[in-house]
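K.L.:
I have a structure here, written as structure tokens, and I will follow up with some questions on it.
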Protein chains: 4
Amino acid sequence: MNTFGRLFRVSVFGESHGIGVGVLVDGCPPGIIVDVSDFEADLSRRKSGAKGTTPRIEEDKPELISGIYNGYTTGSPIIILFKNTNTRSSDYNFADIPRPGHADFVANEKYRGFNDPRGGGHFSGRLTLGLVAAGVLAKKILKNSNIKAILAEAGGNSDINKTIDEALKNGDSIGGLIECRINGLSVGLGEPFFDSVESLISHAVFAIPGIKGIEFGSGFQSAGMKGTQHNDRFKDETGKTLTNHAGGINGGITNGNELFFRVAVKPTASISKPQETYNFASTKQTTLTIKGRHDACIALRVPVVVEAVTAMVLADLMMIGRSVKAD
Amino acid sequence: MNTFGRLFRVSVFGESHGIGVGVLVDGCPPGIIVDVSDFEADLSRRKSGAKGTTPRIEEDKPELISGIYNGYTTGSPIIILFKNTNTRSSDYNFADIPRPGHADFVANEKYRGFNDPRGGGHFSGRLTLGLVAAGVLAKKILKNSNIKAILAEAGGNSDINKTIDEALKNGDSIGGLIECRINGLSVGLGEPFFDSVESLISHAVFAIPGIKGIEFGSGFQSAGMKGTQHNDRFKDETGKTLTNHAGGINGGITNGNELFFRVAVKPTASISKPQETYNFASTKQTTLTIKGRHDACIALRVPVVVEAVTAMVLADLMMIGRSVKAD
Amino acid sequence: MNTFGRLFRVSVFGESHGIGVGVLVDGCPPGIIVDVSDFEADLSRRKSGAKGTTPRIEEDKPELISGIYNGYTTGSPIIILFKNTNTRSSDYNFADIPRPGHADFVANEKYRGFNDPRGGGHFSGRLTLGLVAAGVLAKKILKNSNIKAILAEAGGNSDINKTIDEALKNGDSIGGLIECRINGLSVGLGEPFFDSVESLISHAVFAIPGIKGIEFGSGFQSAGMKGTQHNDRFKDETGKTLTNHAGGINGGITNGNELFFRVAVKPTASISKPQETYNFASTKQTTLTIKGRHDACIALRVPVVVEAVTAMVLADLMMIGRSVKAD
Amino acid sequence: MNTFGRLFRVSVFGESHGIGVGVLVDGCPPGIIVDVSDFEADLSRRKSGAKGTTPRIEEDKPELISGIYNGYTTGSPIIILFKNTNTRSSDYNFADIPRPGHADFVANEKYRGFNDPRGGGHFSGRLTLGLVAAGVLAKKILKNSNIKAILAEAGGNSDINKTIDEALKNGDSIGGLIECRINGLSVGLGEPFFDSVESLISHAVFAIPGIKGIEFGSGFQSAGMKGTQHNDRFKDETGKTLTNHAGGINGGITNGNELFFRVAVKPTASISKPQETYNFASTKQTTLTIKGRHDACIALRVPVVVEAVTAMVLADLMMIGRSVKAD
């Protein structure tokens, strides 16, 4: 199911080397000001071209196909399409020699060979364009909140620049650690159990290709802590606490403190260095050299995508929250 | 929404000190052998009574209210109810002095004071009884797979016994680290993006009270790795790889290797030691001593719950997988 | 899927001759006053015992298992259970000689013989108890609206009493025509296309056993009308119209006029008269005489169920409507 | 929610006078042969241009944006877009003088004036293009079944031609009665209660603009029948019955007989004749003459749309049915 959300619902579609990629946003309230230029800032943060990112440069121009009229959302479904322009028709044969760390093998098995293999097809990171676009709309709904994700470390190092230079020099790639902080949320978003804020945010964050871990508040450190250390002491009647080991969530519900989580991004699977792997056609080990344009550190482009999916979840929860209010 | 799953759908209900807690399982295929005794093994792993767990001992007897006939699932909705028997009618007033680390404050705000506060009400860990029961059914559907979760560390220490003794002595509590391994899964479960295996498992795992982090395969270590290290090399035509940094998942889809993830459990919020906190009625700082029966290390009881929710997700994905097979 | 609704979600469960039947209501707002006695009026309208209804009389006492505390809904899932008390352990063998007009044959095929056949099992009309109970809650949410369904005709006759007498005398059964009117709804409930008010109400109404048709406003008469006759002329700025051929709905959305629809109920399938049918075991035609207690006119008991499912739909739409309102 | 279906999920989008209209189909199995020409037959049945239909003629060329590769479905989400080409930029002001029988008034209220009013915007019958396209895919999944809908009556007359001539001459419009028959279905599709075949088909059929009633089998006639007449007698071990008052469904589940239902379509709301109505700006009664191109009998174009949504429902149920089969 390529759809997420209960009231603010987002569906992604498209392929890397097909006509385009995009997003359907259903349930967006009417009356929100939207201009094509509103997408620029976030799309450019996701853009390639900078050091450590792929030199495949696309214009990434969002076409607002439906649901927007006279500069406002209408309340009807919104389709935003990004046409593919800079695709290369090289000869891919990932079915025989699937790239290690990629979805080539599983896609071929799952879809019985019918999947579009070009550039990863529907599995491409290019699909995150639609997520970013949906995030721009979601952020407008969350106008009183501030969502900010940054790349805190790359390749295990907070001197990110240096680590990327090294990876580029070696034809290798590196992973990264992203931190996301949301301020200005009201108390009471989320539900106990299956719709906990952690459940929904992790669900959405793991929809981003390359994510391998998520932790809220003290996260994995909590596992080694004592209750006396971990419990956050209330400081006043707003529910604000002196510490924030909980990461802004108790019992699955926002508590009014900063919502904080960290996300681990694995190193880009496509690397220039030759790799030993298996040829499924000849049933022999072989050496694979992946041509084409890669990101040495895809994590550089992920923070804005993390913000986007987080905004989607929180906009949905805010809308659900309104629904149970008495008139 | 207290419901999870697309075809195999699980809803939890109930309160800690009300009539009971339980689970509704909708979409369970007919013809699965079910006896009350089938639940014993998993329920006893979740049980309290052992060192480090609360001395509140309940019989935890599942009543099969519907959906089972003549020892088989019928294909109709299954209700399993666990009546509460050992409840104490002490005087709770968590609305004024919410317990640090608990959901008392957020529940009171969210439900405008109408929530059942007794023993945490609907937020109680007792609700996981229903998850374990649903997991027993899900495991029967996944008969060719093996799911095994263990507590690998408690309080940051793999000598778990010793760490618990210490916490008990100090009236404190400790967190824990759980490892879960699933073997025997077929290739192709899950979807790219919103229904990735990581998305669904993390969604379900964070529904368990007290979880603060999850990582798949190399997880947070991946963030510091290079592509040359992280990419798993294929070894033969089954898709098996020499290493398993991916944790058995590529592009959100199972790849036939062991599915592996780790989960961080925070220390139990209820501790015997007096805590400084805030009195929302008097609007003054105060000292709170929580009476009653607590788990020094709730993480001891969580592995079987992690197994249960994982089984729920995988049973659902297996059923979805069948649906697209040609006749 | 035995669940319906997006925010106000209702799931039914149970079997006619098992432990009981009931309903899970998830998403009910907190703070609604609920007492066991609130269910009496609607449950008694559904009750058997009157002329034309089955003499199987059950107490139909709702047990409020969860989600209600101190006389108010808590915001947590509500389970309402009706235990079966008056069940007879006669020897059913509907698998071999399925009753004409009943679900015996399809149930046996669909569930491969694992379904509970006693008294129709999960297919029993007794399951509508849960619907009525959920409707009582939904009506409380719709406090400014009035929903009223009546039996307008039975056996094609508006002298209902006489027609029932005749059917009883002949060991036969009769169908009926129900009219439902809802007043006090605000303009704007529902959505164009898949969540039209007609789509959702018809979905819910056809969930009631025995319903064979539904029409809104002029309904089937519209098919023979002209536009000049059918178009409802606006009379003032409230959107009220002089006629109501639309039945209170335009473009799938409530228009502020009376919401009006009619529902056809087929004659009870169980009749005392011997019926010619097929023995699937002997593969021969046979004569079947159905023993037990039947409704000569089940339609007598259906109006309150129609009200209940209508209330469920409208409460859900009202809650969804609130969610898109600006703060 | 503009989405329908559990595994085979269809979402419609677009506006009558915007960039285009279209459909997102998520969950379509991989490996289904699809060519643009496959859509021609059904799209031409929905087309305008014939007597009694609007002279606005569009090419209705489906653009396959995603999910199809090398002539086969890939298993990824499918977007089909129909660009609008023949739109006229006349001056609409339906907000002040909403057209009787149309959604102008409710749309303006619901979306607070932000909806696209041009040509009905998102409420336009043009949106059914997407439904027809999705139906073409669904019919391919249902390859062993035959779905056939026809217009049986128009304006209450089975001499349809003559009735349309009359309506055209008078600047009026007429409604129609559609019959739909599906053969070749297996026994066991659908569920008791909320996912009954009647619930799902009626839900989908009422998503088509202009539908005011639906009845299955003997439908509204059942309300006047006796059990001895209505019960269908089994004739052999396939479950086939001598009569088909049930319309091929018992207990919400297909019984292997012909699935049969009838649908009432109201007369087109747009008529050339002047109409008395209300001016919401001047708050006075006024006379409205609707310019532009109308269908005298929209029902002529609806049968293929009824087939399409029926196919969507049945394809979904067939896929769900597979999911519970043992391996």
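By order of appearance in the structure tokens: chains A, B, ..., then residues from 1 within every chain, and ligands from 1 in the order shown.
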Enumerate the residues of segment 88-268 of chain C with a DSSP assignment of strand (DSSP E or B), computed from the backbone, and present them as a PyMOL selection string.
P.N.:
chain C and resi 146-154+157+174+176-183+211-216+226+234+241+249-250+253-254+259-265
K.L.:
Please identify every residue of chain A that has at least one atom no more than 7 Å from any atom of chain C, counting only C-alpha atoms, and report them as a VMD selection string.
P.N.:
chain A and resid 29 319 to 320 322 to 324
K.L.:
Could you save the residues just selected, with all heavy atoms, as a short mmCIF file (atom, residue, chain, number, x, y, z; two decimals), in the first residue's frame?
P.N.:
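Wrote it out as result39.cif, contents follow:
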data_model
loop_
_atom_site.label_atom_id
_atom_site.label_comp_id
_atom_site.auth_asym_id
_atom_site.auth_seq_id
_atom_site.Cartn_x
_atom_site.Cartn_y
_atom_site.Cartn_z
N PRO A 29 -7.21 20.18 3.81
CA PRO A 29 -8.31 21.14 3.98
C PRO A 29 -8.29 22.22 2.90
O PRO A 29 -7.23 22.52 2.34
CB PRO A 29 -8.02 21.77 5.36
CG PRO A 29 -7.14 20.81 6.07
CD PRO A 29 -6.33 20.14 5.00
N MET A 319 -5.47 17.07 12.73
CA MET A 319 -6.82 17.04 12.19
C MET A 319 -7.70 16.03 12.94
O MET A 319 -8.86 16.29 13.23
CB MET A 319 -6.77 16.71 10.70
CG MET A 319 -6.21 17.87 9.87
SD MET A 319 -5.86 17.42 8.14
CE MET A 319 -7.51 17.10 7.54
N ILE A 320 -7.12 14.89 13.27
CA ILE A 320 -7.87 13.88 14.05
C ILE A 320 -8.22 14.45 15.42
O ILE A 320 -9.33 14.25 15.93
CB ILE A 320 -7.04 12.58 14.18
CG1 ILE A 320 -6.91 11.90 12.82
CG2 ILE A 320 -7.66 11.63 15.20
CD1 ILE A 320 -5.89 10.78 12.77
N ARG A 322 -8.85 17.48 16.24
CA ARG A 322 -9.98 18.41 16.15
C ARG A 322 -11.32 17.67 16.12
O ARG A 322 -12.34 18.18 16.59
CB ARG A 322 -9.90 19.20 14.85
CG ARG A 322 -8.91 20.32 14.85
CD ARG A 322 -8.98 20.97 13.46
NE ARG A 322 -7.87 21.87 13.22
CZ ARG A 322 -7.35 22.10 12.03
NH1 ARG A 322 -7.85 21.48 10.97
NH2 ARG A 322 -6.36 22.93 11.90
N SER A 323 -11.29 16.46 15.55
CA SER A 323 -12.56 15.77 15.28
C SER A 323 -13.30 15.36 16.55
O SER A 323 -14.50 15.16 16.52
CB SER A 323 -12.30 14.54 14.41
OG SER A 323 -11.65 13.54 15.18
N VAL A 324 -12.57 15.18 17.65
CA VAL A 324 -13.24 14.74 18.88
C VAL A 324 -13.57 15.90 19.81
O VAL A 324 -14.14 15.70 20.88
CB VAL A 324 -12.39 13.71 19.67
CG1 VAL A 324 -12.31 12.40 18.89
CG2 VAL A 324 -11.02 14.24 19.96
#
K.L.:
So that I can see what lies close to segment 164-179 of chain A, please list as a PyMOL selection string the residues with an atom at most 7 Å from it, counting only C-alpha atoms and leaving out residues fewer than 3 positions away in the same chain.
P.N.:
(chain A and resi 52+149-156+160-161+261-268+271-273+296-297+299+303) or (chain B and resi 222-228)
K.L.:
List every residue of segment 38-114 of chain D that DSSP, applied to the backbone of this structure, assigns to alpha helix (DSSP H), and report them as a ChimeraX atom specification.
P.N.:
/D:40-46,104-110
K.L.:
Could you pull the residues within 7 Å of Glu109 of chain D, counting only C-alpha atoms, minus those fewer than 4 positions along the same chain, as a ChimeraX atom specification?
P.N.:
/C:188 /D:105,113
K.L.:
For the residues in the current selection, export N, CA and C atoms as a compact mmCIF listing (two decimals), in the first residue's frame.
P.N.:
# COMPACT_ATOMS: atom_id res chain seq x y z
N GLY C 188 -23.07 20.05 4.30
CA GLY C 188 -21.65 19.80 4.03
C GLY C 188 -21.11 18.47 4.50
N PHE D 105 -24.27 24.53 -4.58
CA PHE D 105 -24.54 25.09 -3.26
C PHE D 105 -23.75 24.38 -2.17
N GLY D 113 -16.03 28.25 -0.29
CA GLY D 113 -15.79 29.09 -1.46
C GLY D 113 -14.47 28.83 -2.16
K.L.:
Any idea what the distance is between atom CA of Arg45 of chain C and atom CA of Arg301 of chain C?
P.N.:
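Answer for the atom CA of Arg45 of chain C to atom CA of Arg301 of chain C separation: 6.6 Å.
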K.L.:
Using atom CA of Ala41 of chain C and atom CA of Lys61 of chain C as the two end points, give the distance in Å to one decimal.
P.N.:
12.0 Å
K.L.:
Just to confirm, what's the straight-line distance from atom CA of Tyr69 of chain C to atom CA of Gly251 of chain A in Å (one decimal)?
P.N.:
19.4 Å
